[in-house]
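File shown here: final-v1.cif, holding mmCIF, C-alpha atoms.
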data_coords
loop_
_atom_site.label_atom_id
_atom_site.label_comp_id
_atom_site.auth_asym_id
_atom_site.auth_seq_id
_atom_site.Cartn_x
_atom_site.Cartn_y
_atom_site.Cartn_z
CA MET A 1 35.41 -27.32 48.21
CA LYS A 2 37.14 -26.09 45.07
CA THR A 3 34.79 -28.21 42.93
CA ARG A 4 31.77 -26.75 44.72
CA ASN A 5 33.00 -23.19 44.17
CA LEU A 6 33.62 -23.99 40.52
CA SER A 7 30.09 -25.37 40.16
CA ILE A 8 28.60 -22.23 41.71
CA LEU A 9 30.72 -20.07 39.41
CA LEU A 10 29.65 -22.06 36.35
CA ALA A 11 26.00 -21.88 37.38
CA LEU A 12 26.32 -18.09 37.76
CA VAL A 13 27.95 -17.81 34.33
CA PHE A 14 25.06 -19.75 32.79
CA VAL A 15 22.46 -17.62 34.57
CA ILE A 16 24.16 -14.40 33.40
CA ALA A 17 24.54 -15.77 29.86
CA GLY A 18 20.86 -16.75 29.87
CA VAL A 19 19.83 -13.25 30.82
CA ALA A 20 22.15 -11.69 28.26
CA PHE A 21 20.83 -13.85 25.45
CA ALA A 22 17.18 -13.45 26.35
CA ASN A 23 15.28 -12.28 23.30
CA GLU A 24 12.85 -9.91 24.94
CA VAL A 25 13.36 -6.16 24.70
CA PRO A 26 13.70 -4.43 28.11
CA THR A 27 10.45 -3.14 29.59
CA PRO A 28 9.82 0.55 28.86
CA PRO A 29 9.64 3.00 31.77
CA ALA A 30 6.17 3.58 33.18
CA ILE A 31 4.21 6.64 32.13
CA GLY A 32 5.05 9.40 34.61
CA SER A 33 8.65 8.21 35.09
CA THR A 34 11.39 10.80 34.76
CA ILE A 35 13.81 10.11 31.93
CA GLU A 36 17.35 10.89 32.98
CA ASP A 37 19.50 13.12 30.81
CA PHE A 38 21.67 11.26 28.31
CA THR A 39 24.30 12.13 25.74
CA LEU A 40 24.62 10.60 22.29
CA PRO A 41 26.69 11.45 19.21
CA ASP A 42 24.96 13.25 16.37
CA VAL A 43 25.54 12.34 12.72
CA ASN A 44 28.63 14.57 12.64
CA GLY A 45 30.16 12.84 15.65
CA GLY A 46 29.59 15.67 18.14
CA ASP A 47 28.05 14.81 21.51
CA ARG A 48 24.54 16.13 22.13
CA SER A 49 22.68 15.83 25.41
CA LEU A 50 18.93 15.54 25.84
CA LYS A 51 19.09 18.65 28.00
CA SER A 52 20.78 20.69 25.25
CA LEU A 53 18.17 19.69 22.63
CA ALA A 54 15.00 19.61 24.74
CA GLY A 55 12.14 21.99 23.99
CA LYS A 56 10.90 24.39 26.67
CA ASN A 57 7.50 22.67 26.68
CA GLY A 58 8.66 19.14 26.06
CA THR A 59 10.52 16.79 23.77
CA VAL A 60 9.56 14.01 21.39
CA LEU A 61 12.09 11.21 20.98
CA LEU A 62 11.53 9.26 17.78
CA PHE A 63 13.33 5.98 17.17
CA ILE A 64 13.75 5.88 13.41
CA ALA A 65 15.59 3.90 10.75
CA VAL A 66 17.24 4.34 7.39
CA GLN A 67 16.07 1.14 5.71
CA CYS A 68 12.77 0.33 7.42
CA PRO A 69 9.86 0.92 5.01
CA VAL A 70 7.47 1.62 7.89
CA SER A 71 9.75 4.27 9.35
CA ASN A 72 10.30 5.68 5.88
CA ALA A 73 6.55 5.87 5.32
CA TYR A 74 6.52 8.34 8.22
CA ASN A 75 9.36 10.61 7.03
CA GLU A 76 7.09 13.41 5.82
CA ARG A 77 4.79 13.13 8.83
CA MET A 78 7.76 13.22 11.24
CA GLU A 79 9.20 16.31 9.56
CA GLN A 80 5.78 17.99 9.58
CA LEU A 81 5.41 17.16 13.27
CA ALA A 82 8.80 18.72 14.02
CA GLN A 83 7.87 21.87 12.06
CA ASP A 84 4.39 22.18 13.55
CA TYR A 85 5.47 21.88 17.18
CA LYS A 86 8.78 23.76 17.02
CA ALA A 87 6.97 27.08 17.43
CA LYS A 88 5.00 25.59 20.31
CA GLY A 89 8.19 24.84 22.26
CA ILE A 90 8.34 21.11 21.64
CA ALA A 91 11.53 19.70 20.15
CA VAL A 92 11.71 16.55 18.06
CA ILE A 93 14.83 14.40 18.29
CA GLY A 94 15.40 11.36 16.09
CA ILE A 95 17.39 8.42 17.44
CA ASN A 96 18.82 5.71 15.22
CA ALA A 97 19.70 2.62 17.27
CA ASN A 98 20.11 0.17 14.38
CA ALA A 99 23.57 -1.38 14.62
CA ALA A 100 23.87 -1.80 10.86
CA GLU A 101 23.11 1.86 10.02
CA ASP A 102 26.14 4.09 10.62
CA ALA A 103 26.24 7.86 11.11
CA ASP A 104 27.03 8.50 7.43
CA ALA A 105 24.02 6.48 6.30
CA VAL A 106 21.81 8.33 8.78
CA LYS A 107 23.15 11.70 7.59
CA SER A 108 22.57 10.92 3.88
CA HIS A 109 19.11 9.54 4.62
CA ALA A 110 18.16 12.70 6.56
CA ALA A 111 19.38 14.91 3.70
CA GLU A 112 17.61 12.81 1.07
CA HIS A 113 14.29 12.90 2.93
CA LYS A 114 14.70 16.49 4.14
CA LEU A 115 14.54 15.63 7.83
CA SER A 116 15.56 18.84 9.57
CA PHE A 117 15.32 17.71 13.21
CA PRO A 118 18.50 16.47 14.94
CA ILE A 119 19.16 12.75 14.65
CA LEU A 120 21.42 10.99 17.12
CA LYS A 121 23.15 7.63 16.84
CA ASP A 122 22.67 5.22 19.72
CA PRO A 123 25.74 2.96 19.60
CA GLY A 124 25.16 -0.31 21.45
CA ASN A 125 21.46 0.68 21.67
CA LYS A 126 21.94 1.87 25.25
CA ILE A 127 19.17 4.44 25.13
CA ALA A 128 16.88 2.09 23.18
CA ASP A 129 17.39 -0.45 25.98
CA LYS A 130 16.88 2.17 28.67
CA LEU A 131 13.60 3.26 27.08
CA GLY A 132 12.53 -0.24 26.02
CA ALA A 133 12.22 0.82 22.39
CA SER A 134 11.54 -2.17 20.18
CA VAL A 135 10.56 -0.90 16.71
CA THR A 136 10.91 1.99 14.27
CA PRO A 137 9.13 4.33 14.32
CA GLU A 138 8.45 4.49 18.06
CA ALA A 139 7.75 7.74 19.92
CA TYR A 140 8.32 8.98 23.46
CA PHE A 141 6.89 12.32 24.54
CA LEU A 142 8.54 13.87 27.57
CA ASP A 143 7.13 16.97 29.25
CA ALA A 144 9.23 20.01 30.21
CA LYS A 145 10.49 18.14 33.29
CA ASN A 146 11.40 15.05 31.24
CA LYS A 147 8.49 13.03 32.62
CA LEU A 148 7.20 10.43 30.18
CA VAL A 149 3.73 11.50 29.07
CA TYR A 150 3.13 9.30 26.02
CA HIS A 151 4.81 6.24 24.53
CA GLY A 152 4.03 4.35 21.35
CA ARG A 153 3.03 4.89 17.76
CA ILE A 154 2.85 8.17 15.90
CA ASP A 155 -0.59 7.28 14.55
CA ASN A 156 -2.61 4.23 13.55
CA SER A 157 -1.49 3.70 9.96
CA ARG A 158 1.70 3.66 7.93
CA ASN A 159 -0.46 4.85 5.07
CA ALA A 160 -0.97 8.60 5.60
CA ALA A 161 -4.33 8.50 3.80
CA GLN A 162 -5.72 6.01 6.32
CA VAL A 163 -4.85 7.83 9.53
CA GLU A 164 -7.80 7.86 11.90
CA SER A 165 -6.07 8.32 15.20
CA SER A 166 -3.14 10.74 15.54
CA ASP A 167 -2.16 9.51 18.98
CA LEU A 168 1.13 11.39 19.35
CA ARG A 169 -0.31 14.71 18.14
CA ASN A 170 -3.32 14.22 20.42
CA ALA A 171 -0.98 13.75 23.39
CA LEU A 172 1.07 16.84 22.45
CA ASP A 173 -2.03 18.98 21.98
CA ALA A 174 -3.55 17.86 25.27
CA ALA A 175 -0.33 18.55 27.19
CA LEU A 176 0.11 21.95 25.53
CA GLY A 177 -3.50 22.79 26.38
CA GLY A 178 -2.97 21.85 30.01
CA LYS A 179 -5.37 18.92 29.69
CA PRO A 180 -4.78 15.33 30.78
CA VAL A 181 -3.55 13.03 28.01
CA GLU A 182 -6.32 10.50 27.46
CA LYS A 183 -4.32 7.87 25.65
CA THR A 184 -0.85 7.62 27.15
CA GLU A 185 0.19 4.43 25.36
CA ALA A 186 -0.53 2.92 21.95
CA ARG A 187 1.49 0.08 20.51
CA ALA A 188 4.13 1.17 18.06
CA PHE A 189 4.25 -0.91 14.93
CA GLY A 190 7.19 -1.17 12.57
CA CYS A 191 10.53 -2.84 11.98
CA SER A 192 12.35 -4.35 14.95
CA ILE A 193 15.37 -2.33 16.04
CA LYS A 194 18.47 -4.27 14.94
CA ARG A 195 20.39 -4.31 18.21
CA GLY A 196 24.16 -4.66 18.23
CA MET B 1 16.54 -46.39 -55.14
CA ARG B 2 16.22 -48.01 -51.73
CA ARG B 3 19.20 -46.03 -50.53
CA VAL B 4 17.55 -42.76 -51.67
CA LYS B 5 14.32 -43.70 -49.86
CA ALA B 6 16.24 -44.51 -46.67
CA PHE B 7 18.11 -41.21 -46.92
CA VAL B 8 14.86 -39.24 -47.37
CA LEU B 9 13.35 -41.07 -44.36
CA ILE B 10 16.31 -40.25 -42.15
CA VAL B 11 16.20 -36.57 -43.21
CA LEU B 12 12.46 -36.46 -42.45
CA CYS B 13 13.00 -38.02 -39.01
CA VAL B 14 15.71 -35.51 -38.14
CA LEU B 15 13.50 -32.64 -39.32
CA LEU B 16 10.55 -33.87 -37.26
CA ALA B 17 12.70 -34.33 -34.17
CA SER B 18 14.15 -30.83 -34.52
CA LEU B 19 10.63 -29.37 -34.86
CA ALA B 20 9.32 -31.28 -31.83
CA ALA B 21 12.21 -30.39 -29.50
CA PRO B 22 11.49 -26.63 -29.11
CA ALA B 23 7.79 -27.39 -28.57
CA GLN B 24 8.72 -29.73 -25.73
CA LYS B 25 11.04 -27.14 -24.27
CA LYS B 26 8.31 -24.49 -24.48
CA LYS B 27 5.82 -26.81 -22.76
CA SER B 28 8.11 -27.54 -19.80
CA GLY B 29 8.91 -23.82 -19.51
CA ALA B 30 5.21 -22.96 -19.31
CA ALA B 31 4.64 -25.66 -16.69
CA LYS B 32 7.50 -24.25 -14.64
CA GLU B 33 5.96 -20.76 -14.72
CA ALA B 34 2.46 -21.90 -13.76
CA ALA B 35 3.33 -24.35 -10.97
CA PRO B 36 3.81 -22.39 -7.74
CA LYS B 37 0.78 -20.14 -7.25
CA VAL B 38 0.27 -18.56 -3.86
CA VAL B 39 -2.85 -16.62 -2.96
CA VAL B 40 -2.65 -14.34 0.04
CA GLU B 41 -6.03 -13.70 1.65
CA PRO B 42 -6.86 -10.49 3.51
CA ILE B 43 -7.79 -11.01 7.15
CA ASP B 44 -9.42 -8.63 9.64
CA THR B 45 -9.37 -8.69 13.44
CA ASP B 46 -12.58 -10.72 13.80
CA LYS B 47 -11.51 -13.41 11.36
CA LEU B 48 -8.10 -13.57 13.03
CA LYS B 49 -9.78 -14.01 16.43
CA ASP B 50 -11.92 -16.82 14.98
CA ILE B 51 -8.91 -18.65 13.62
CA LEU B 52 -7.02 -18.37 16.90
CA THR B 53 -9.76 -19.26 19.33
CA GLN B 54 -11.92 -21.79 17.52
CA GLN B 55 -11.96 -25.35 18.78
CA ARG B 56 -10.20 -27.51 16.26
CA GLN B 57 -9.07 -31.04 15.91
CA ARG B 58 -5.45 -30.09 15.40
CA PRO B 59 -2.80 -27.90 17.00
CA LEU B 60 -2.20 -24.59 15.24
CA LEU B 61 1.02 -22.71 14.57
CA VAL B 62 0.73 -19.02 13.61
CA ASN B 63 3.61 -16.89 12.41
CA PHE B 64 3.29 -13.11 12.15
CA TRP B 65 5.82 -11.67 9.74
CA ALA B 66 6.48 -9.06 7.07
CA THR B 67 8.68 -8.85 4.00
CA PHE B 68 10.38 -5.75 5.42
CA CYS B 69 11.43 -7.66 8.54
CA ASP B 70 14.90 -9.23 8.17
CA PRO B 71 14.62 -11.82 10.97
CA CYS B 72 11.23 -12.85 9.50
CA ARG B 73 12.86 -13.53 6.15
CA ASP B 74 15.76 -15.33 7.83
CA GLU B 75 13.56 -17.74 9.74
CA PHE B 76 11.14 -18.50 6.90
CA PRO B 77 13.06 -21.46 5.39
CA ASP B 78 13.00 -23.12 8.84
CA LEU B 79 9.25 -22.55 9.10
CA VAL B 80 8.65 -24.05 5.65
CA LYS B 81 10.61 -27.15 6.71
CA ILE B 82 8.59 -27.39 9.92
CA ASP B 83 5.35 -27.10 7.94
CA LYS B 84 6.36 -29.88 5.57
CA GLU B 85 7.53 -32.05 8.46
CA TYR B 86 4.56 -31.67 10.81
CA ARG B 87 1.58 -31.02 8.52
CA PRO B 88 1.23 -34.78 7.90
CA GLN B 89 1.31 -35.22 11.69
CA SER B 90 -1.79 -33.05 12.15
CA LEU B 91 -0.23 -29.60 12.63
CA GLU B 92 -2.06 -26.67 11.05
CA PHE B 93 0.13 -23.73 10.16
CA VAL B 94 -0.93 -20.30 8.93
CA THR B 95 1.12 -17.19 8.31
CA VAL B 96 -0.14 -13.65 8.81
CA SER B 97 1.75 -10.91 7.05
CA LEU B 98 1.75 -7.40 8.50
CA ASP B 99 2.90 -5.87 5.23
CA ASP B 100 1.06 -3.00 3.67
CA PHE B 101 -2.20 -4.06 2.00
CA THR B 102 -0.88 -2.85 -1.37
CA ASP B 103 1.68 -5.70 -1.21
CA ILE B 104 -0.98 -8.43 -1.13
CA LYS B 105 -0.57 -9.34 -4.78
CA THR B 106 3.08 -8.46 -5.22
CA THR B 107 5.91 -8.69 -2.70
CA VAL B 108 4.13 -10.96 -0.21
CA PRO B 109 3.12 -13.80 -2.60
CA GLU B 110 6.40 -13.37 -4.50
CA PHE B 111 8.35 -14.01 -1.31
CA LEU B 112 6.16 -17.01 -0.40
CA VAL B 113 6.65 -18.51 -3.86
CA ALA B 114 10.42 -18.03 -3.57
CA MET B 115 10.30 -19.79 -0.19
CA LYS B 116 8.13 -22.61 -1.64
CA ALA B 117 5.71 -21.92 1.20
CA THR B 118 2.37 -23.68 0.72
CA MET B 119 0.68 -23.04 4.07
CA PRO B 120 -2.44 -20.78 4.13
CA ALA B 121 -1.24 -17.19 3.98
CA TYR B 122 -3.06 -14.08 5.20
CA LEU B 123 -2.31 -10.39 5.24
CA LEU B 124 -3.71 -8.27 8.04
CA ASN B 125 -6.03 -5.74 6.47
CA VAL B 126 -7.15 -3.40 9.24
CA PRO B 127 -7.11 0.37 9.58
CA ASP B 128 -5.54 0.03 13.02
CA PRO B 129 -3.31 -2.97 13.91
CA GLU B 130 -3.60 -2.45 17.68
CA PRO B 131 -6.90 -4.33 18.30
CA ALA B 132 -5.56 -7.25 16.23
CA ILE B 133 -2.30 -7.33 18.19
CA ASP B 134 -4.30 -7.18 21.43
CA ALA B 135 -6.52 -10.02 20.27
CA VAL B 136 -3.49 -12.21 19.64
CA ASP B 137 -1.62 -11.44 22.83
CA PRO B 138 -1.87 -8.37 25.09
CA ARG B 139 1.81 -8.90 26.04
CA TRP B 140 2.95 -8.72 22.42
CA ARG B 141 4.26 -5.27 21.50
CA GLY B 142 3.79 -5.82 17.78
CA ASP B 143 7.45 -6.47 16.99
CA LEU B 144 8.14 -9.07 14.33
CA PRO B 145 8.47 -11.93 13.85
CA ALA B 146 6.11 -13.40 16.42
CA THR B 147 5.24 -17.08 16.54
CA TYR B 148 2.42 -18.66 18.52
CA LEU B 149 1.43 -22.27 19.05
CA TYR B 150 -2.09 -23.26 20.12
CA ASN B 151 -3.35 -26.63 21.21
CA GLU B 152 -6.46 -28.24 19.76
CA LYS B 153 -8.61 -26.46 22.39
CA GLY B 154 -7.45 -23.09 21.05
CA GLU B 155 -5.26 -22.39 24.09
CA MET B 156 -1.92 -20.66 23.52
CA VAL B 157 0.82 -22.99 24.70
CA TYR B 158 3.94 -21.32 23.30
CA ARG B 159 5.00 -17.87 22.12
CA HIS B 160 8.24 -16.58 20.73
CA ILE B 161 8.99 -12.99 19.77
CA GLY B 162 11.96 -12.65 17.43
CA ARG B 163 13.61 -15.23 15.21
CA VAL B 164 12.50 -18.71 16.21
CA ASP B 165 14.87 -21.38 17.44
CA PRO B 166 13.75 -24.28 15.19
CA ALA B 167 14.87 -26.93 17.71
CA GLU B 168 12.88 -25.26 20.50
CA LEU B 169 9.81 -24.88 18.28
CA ARG B 170 10.02 -28.52 17.14
CA LYS B 171 10.17 -29.61 20.79
CA GLU B 172 6.98 -27.68 21.55
CA ILE B 173 5.20 -29.02 18.46
CA GLU B 174 6.22 -32.58 19.34
CA LYS B 175 4.43 -32.22 22.69
CA LEU B 176 1.18 -31.54 20.85
CA VAL B 177 1.31 -33.75 17.80
CA LYS B 178 2.29 -36.75 19.92
CA LYS B 179 -0.68 -36.31 22.23
CA GLY B 180 -3.21 -39.14 22.02
CA ASP B 181 -0.61 -41.50 20.52
CA GLY B 182 -0.06 -39.12 17.64
CA GLN B 183 -3.62 -39.71 16.36
CA SER B 184 -5.03 -36.43 17.63
CA GLY B 185 -7.20 -34.94 14.97
CA ARG B 186 -5.75 -36.76 12.00
CA ARG B 187 -7.76 -36.37 8.87
#
Here is a file; write its structure as structure tokens.
Amino acid sequence: MKTRNLSILLALVFVIAGVAFANEVPTPPAIGSTIEDFTLPDVNGGDRSLKSLAGKNGTVLLFIAVQCPVSNAYNERMEQLAQDYKAKGIAVIGINANAAEDADAVKSHAAEHKLSFPILKDPGNKIADKLGASVTPEAYFLDAKNKLVYHGRIDNSRNAAQVESSDLRNALDAALGGKPVEKTEARAFGCSIKRG
Amino acid sequence: MRRVKAFVLIVLCVLLASLAAPAQKKKSGAAKEAAPKVVVEPIDTDKLKDILTQQRQRPLLVNFWATFCDPCRDEFPDLVKIDKEYRPQSLEFVTVSLDDFTDIKTTVPEFLVAMKATMPAYLLNVPDPEPAIDAVDPRWRGDLPATYLYNEKGEMVYRHIGRVDPAELRKEIEKLVKKGDGQSGRR
């Protein structure tokens, strides 16, 4: 009997280990899902909740990185986005979930590239897992009630001169104009998030 | 007199040898610089589709990668070994870089040369990567590296997102290259 119990226990351990070591990133929430409030430390170590940072008309969560050249190619565009939509009641929040990039590195990077929007650290990539974020940059647009309206890339090209489809801005403009968002998902492309 | 002649001869030989040595050195240096040349071809969505879906005589391994992707760089030596090991056994292997197009003559070939990678190398040159990603695999979210194995009918038989496990990949390749007593599609 003891041997049987031990076998079951071992089998369970292997199943759990298999799941834990699976390489696939968790599935993102479906469009229309409500994103629960969360709290993460900012680059100065203070806790900031989604609720405290959210815009009155919605919030854009941007998974970004310090060292990823694709994410860095978007620095100016991300800052411009934050500036352009601040007055329209939409807040931009950066999230750095890369295990190897600490709060100091994120803070210096933001200062160097003049990123004025708040950037939070996601230790253990809990929020990245919850949202199924896989790359940087990757955007999530939540409406005023924290419902997911758009998920994916900022636009179609890391090269600003070749942008033909500003998917995130299109989604923001449609939502602000009270119109349905035509394209609710577009694959984000960039550097894989280095999970801890 | 004979002694003087012998002495002059020896001096001449030493002089000639010392003149020839740097030339030899220079020649081998030039050969070393010219040897590994890698040309990275641009590829668009249609050409990528053709490569993936065409009927071929051999199984095909495709690795999507980029120089900015750390796990891609980490796994590359394993992929080069796999290429050298299975190319003679009828495996075709191509790499598709998702680097910026401006890197096509610089960082991408430089990395391939450093890796001693000799498989055909492409760089995705499209204004929008989404249709290309969709054409490869609608389930793929575009994260790198991504490795796909196709049988000789052009059917995808294996996919791996993230750093490959070389043992697992070898096992999958073995299933294909051993088909038909290992003679499948040999040139």
If we count all atoms listed in the file, what is near region 117-127 of chain B at a cut-off of 9 Å, once residues fewer than 6 positions away on the same chain are taken out, given as an mmCIF file with C-alpha atoms, keeping the file's coordinate frame?
data_model
loop_
_atom_site.group_PDB
_atom_site.id
_atom_site.type_symbol
_atom_site.label_atom_id
_atom_site.label_comp_id
_atom_site.auth_asym_id
_atom_site.auth_seq_id
_atom_site.Cartn_x
_atom_site.Cartn_y
_atom_site.Cartn_z
ATOM 1 C CA ASN A 156 -2.610 4.230 13.550
ATOM 2 C CA SER A 157 -1.490 3.700 9.960
ATOM 3 C CA GLN A 162 -5.720 6.010 6.320
ATOM 4 C CA VAL A 163 -4.850 7.830 9.530
ATOM 5 C CA GLU A 164 -7.800 7.860 11.900
ATOM 6 C CA PRO B 36 3.810 -22.390 -7.740
ATOM 7 C CA LYS B 37 0.780 -20.140 -7.250
ATOM 8 C CA VAL B 38 0.270 -18.560 -3.860
ATOM 9 C CA VAL B 39 -2.850 -16.620 -2.960
ATOM 10 C CA VAL B 40 -2.650 -14.340 0.040
ATOM 11 C CA GLU B 41 -6.030 -13.700 1.650
ATOM 12 C CA PRO B 42 -6.860 -10.490 3.510
ATOM 13 C CA ILE B 43 -7.790 -11.010 7.150
ATOM 14 C CA ASP B 44 -9.420 -8.630 9.640
ATOM 15 C CA THR B 45 -9.370 -8.690 13.440
ATOM 16 C CA LEU B 48 -8.100 -13.570 13.030
ATOM 17 C CA PHE B 76 11.140 -18.500 6.900
ATOM 18 C CA PRO B 77 13.060 -21.460 5.390
ATOM 19 C CA LEU B 79 9.250 -22.550 9.100
ATOM 20 C CA VAL B 80 8.650 -24.050 5.650
ATOM 21 C CA ASP B 83 5.350 -27.100 7.940
ATOM 22 C CA LYS B 84 6.360 -29.880 5.570
ATOM 23 C CA GLU B 92 -2.060 -26.670 11.050
ATOM 24 C CA PHE B 93 0.130 -23.730 10.160
ATOM 25 C CA VAL B 94 -0.930 -20.300 8.930
ATOM 26 C CA THR B 95 1.120 -17.190 8.310
ATOM 27 C CA VAL B 96 -0.140 -13.650 8.810
ATOM 28 C CA SER B 97 1.750 -10.910 7.050
ATOM 29 C CA LEU B 98 1.750 -7.400 8.500
ATOM 30 C CA ASP B 99 2.900 -5.870 5.230
ATOM 31 C CA ASP B 100 1.060 -3.000 3.670
ATOM 32 C CA PHE B 101 -2.200 -4.060 2.000
ATOM 33 C CA ASP B 103 1.680 -5.700 -1.210
ATOM 34 C CA ILE B 104 -0.980 -8.430 -1.130
ATOM 35 C CA VAL B 108 4.130 -10.960 -0.210
ATOM 36 C CA PRO B 109 3.120 -13.800 -2.600
ATOM 37 C CA PHE B 111 8.350 -14.010 -1.310
#
Taking the file as shown, what set of residues would the PyMOL selection byres ((chain B) within 8 of (chain A)) give back, as a ChimeraX atom specification?
-> /B:68-69,100,127-130,141-144,161-162
Once the PyMOL selection byres ((chain A and resi 58) around 12) has been applied to the shown file, what residues remain in the selection, as a PyMOL selection string?
-> chain A and resi 35+50-51+53-57+59-61+85-93+140-150+171-173+175-176
Target residues per the PyMOL selection byres ((chain B and resi 145-160) around 7), formatted as a list in words | Leu52, Thr53, Gln54, Gln55, Arg56, Gln57, Arg58, Pro59, Leu60, Leu61, Val62, Asn63, Phe64, Trp65, Pro71, Cys72, Asp143, Leu144, Ile161, Gly162, Arg163, Val164 and Leu176 of chain B
Quick one: residues within 12 Å of Gln80 (chain A), only C-alpha atoms counted, chain neighbours fewer than 2 positions away excluded, as a short mmCIF file (atom, residue, chain, number, x, y, z; two decimals) with C-alpha atoms, in the coordinates of the input?
data_model
loop_
_atom_site.label_atom_id
_atom_site.label_comp_id
_atom_site.auth_asym_id
_atom_site.auth_seq_id
_atom_site.Cartn_x
_atom_site.Cartn_y
_atom_site.Cartn_z
CA TYR A 74 6.52 8.34 8.22
CA ASN A 75 9.36 10.61 7.03
CA GLU A 76 7.09 13.41 5.82
CA ARG A 77 4.79 13.13 8.83
CA MET A 78 7.76 13.22 11.24
CA ALA A 82 8.80 18.72 14.02
CA GLN A 83 7.87 21.87 12.06
CA ASP A 84 4.39 22.18 13.55
CA TYR A 85 5.47 21.88 17.18
CA LYS A 86 8.78 23.76 17.02
CA VAL A 92 11.71 16.55 18.06
CA HIS A 113 14.29 12.90 2.93
CA LYS A 114 14.70 16.49 4.14
CA LEU A 115 14.54 15.63 7.83
CA SER A 116 15.56 18.84 9.57
CA PHE A 117 15.32 17.71 13.21
CA ARG A 169 -0.31 14.71 18.14
#
